[in-house]
Amino acid sequence: MDAAEDDLVVYYNPSCSKCRTAVGVLRDEGVEHEIVEYLKTHPTRQELERILDAISDPPTDLVRRDPTFKELGLSDADVQTRAQVVDVLIAHPELMQRPVIFRGERAVIARSPEKLRELLD
């Protein structure tokens, strides 16, 4: 995906309150954005690599440690390296931390409105 410097792309799950909050902030501020429902259109290896390149967080932060993570028999040891994170998220996209919001080539895991504001400012 080629993105202009100010284009916003939101990796979004409609059942996630953090995603709905982030999109609400964008709408309230009149910020145009594209929504990618990543559970319908799973991110490719290339897209996951791009996300990891763009966020300032460690790669392991892109993986949710929720009940599904444990039900799958995964542990922190399974998502320590960048390659492991990509492999786990290819196999289980539902474990991707959300929302991930891109602006050009920068991105944040916008679990809080403050993280989103860092990207908008």
# chains A, B, ... in the order shown; residues from 1 in each chain; ligands from 1
call {"tool": "residues_around", "arguments": {"residues": "range 56-65 of chain A", "least_positions_apart": "5", "cutoff": "7 Å", "atoms": "only C-alpha atoms", "output": "PDB file with N, CA and C atoms, in the first residue's frame"}}
result
ATOM      1  N   VAL A  79       6.623 -15.312  21.128  1.00  0.00           N
ATOM      2  CA  VAL A  79       6.513 -14.032  20.413  1.00  0.00           C
ATOM      3  C   VAL A  79       7.625 -13.064  20.825  1.00  0.00           C
ATOM      4  N   GLN A  80       8.807 -13.584  21.002  1.00  0.00           N
ATOM      5  CA  GLN A  80       9.938 -12.752  21.413  1.00  0.00           C
ATOM      6  C   GLN A  80      10.640 -12.076  20.246  1.00  0.00           C
ATOM      7  N   ARG A  82      10.903 -10.776  16.100  1.00  0.00           N
ATOM      8  CA  ARG A  82      10.092 -10.205  15.022  1.00  0.00           C
ATOM      9  C   ARG A  82       9.505 -11.321  14.142  1.00  0.00           C
ATOM     10  N   VAL A  85       6.676 -13.088  15.905  1.00  0.00           N
ATOM     11  CA  VAL A  85       5.476 -12.247  15.938  1.00  0.00           C
ATOM     12  C   VAL A  85       4.750 -12.328  14.604  1.00  0.00           C
ATOM     13  N   LEU A  95      -5.092 -12.141  17.119  1.00  0.00           N
ATOM     14  CA  LEU A  95      -4.197 -11.775  18.219  1.00  0.00           C
ATOM     15  C   LEU A  95      -3.484 -10.447  18.003  1.00  0.00           C
ATOM     16  N   MET A  96      -3.729  -9.786  16.863  1.00  0.00           N
ATOM     17  CA  MET A  96      -3.061  -8.508  16.620  1.00  0.00           C
ATOM     18  C   MET A  96      -3.622  -7.442  17.560  1.00  0.00           C
ATOM     19  N   GLN A  97      -2.723  -6.746  18.212  1.00  0.00           N
ATOM     20  CA  GLN A  97      -3.108  -5.626  19.073  1.00  0.00           C
ATOM     21  C   GLN A  97      -3.756  -4.562  18.202  1.00  0.00           C
TER      22      GLN A  97
END
call {"tool": "select_by_dssp", "arguments": {"residues": "chain A", "states": "strand (DSSP E or B)", "output": "list in words"}}
result
Leu8, Val9, Val10, Tyr11, Tyr12, Glu34, Ile35, Val36, Glu37, Val63, Met96, Val100, Ile101, Phe102, Arg103, Arg106, Ala107, Val108 and Ile109 of chain A
call {"tool": "residues_around", "arguments": {"residues": "range 20-29 of chain A", "least_positions_apart": "6", "cutoff": "9 Å", "atoms": "only C-alpha atoms", "output": "JSON, numbers by chain"}}
result
{"A": [10, 12, 13, 14, 35, 99, 101, 110, 111, 112, 113, 116]}
call {"tool": "write_last_selection", "arguments": {"atoms": "N, CA and C atoms", "output": "compact mmCIF listing (two decimals), in the first residue's frame"}}
result
# COMPACT_ATOMS: atom_id res chain seq x y z
N VAL A 10 -6.54 2.79 9.36
CA VAL A 10 -6.82 2.21 10.66
C VAL A 10 -7.05 0.71 10.49
N TYR A 12 -8.62 -2.19 12.02
CA TYR A 12 -9.80 -2.02 12.84
C TYR A 12 -10.55 -3.34 13.05
N ASN A 13 -11.08 -3.49 14.28
CA ASN A 13 -11.97 -4.59 14.61
C ASN A 13 -13.23 -3.93 15.18
N PRO A 14 -14.37 -4.05 14.51
CA PRO A 14 -15.57 -3.34 14.96
C PRO A 14 -16.06 -3.75 16.35
N ILE A 35 -10.45 2.52 6.65
CA ILE A 35 -10.55 1.45 7.64
C ILE A 35 -10.24 0.12 6.96
N PRO A 99 -6.26 -0.69 18.10
CA PRO A 99 -6.11 -0.45 16.66
C PRO A 99 -4.67 -0.04 16.33
N ILE A 101 -2.80 2.36 13.78
CA ILE A 101 -3.15 3.47 12.90
C ILE A 101 -1.88 4.01 12.24
N ALA A 110 -2.77 2.35 18.90
CA ALA A 110 -3.52 3.45 19.52
C ALA A 110 -4.52 2.94 20.56
N ARG A 111 -4.01 2.27 21.57
CA ARG A 111 -4.88 1.76 22.64
C ARG A 111 -5.43 2.91 23.49
N SER A 112 -4.79 4.05 23.43
CA SER A 112 -5.28 5.22 24.17
C SER A 112 -5.39 6.40 23.19
N PRO A 113 -6.31 7.31 23.47
CA PRO A 113 -6.41 8.50 22.62
C PRO A 113 -5.10 9.30 22.58
N LEU A 116 -2.92 8.07 19.81
CA LEU A 116 -3.44 8.54 18.54
C LEU A 116 -3.05 10.01 18.34
call {"tool": "atom_distance", "arguments": {"atom1": "CA of Leu52 in chain A", "atom2": "CA of Asp76 in chain A"}}
result
17.3 Å
call {"tool": "select_by_dssp", "arguments": {"residues": "chain A", "states": "alpha helix (DSSP H)", "output": "count of residues only"}}
result
45
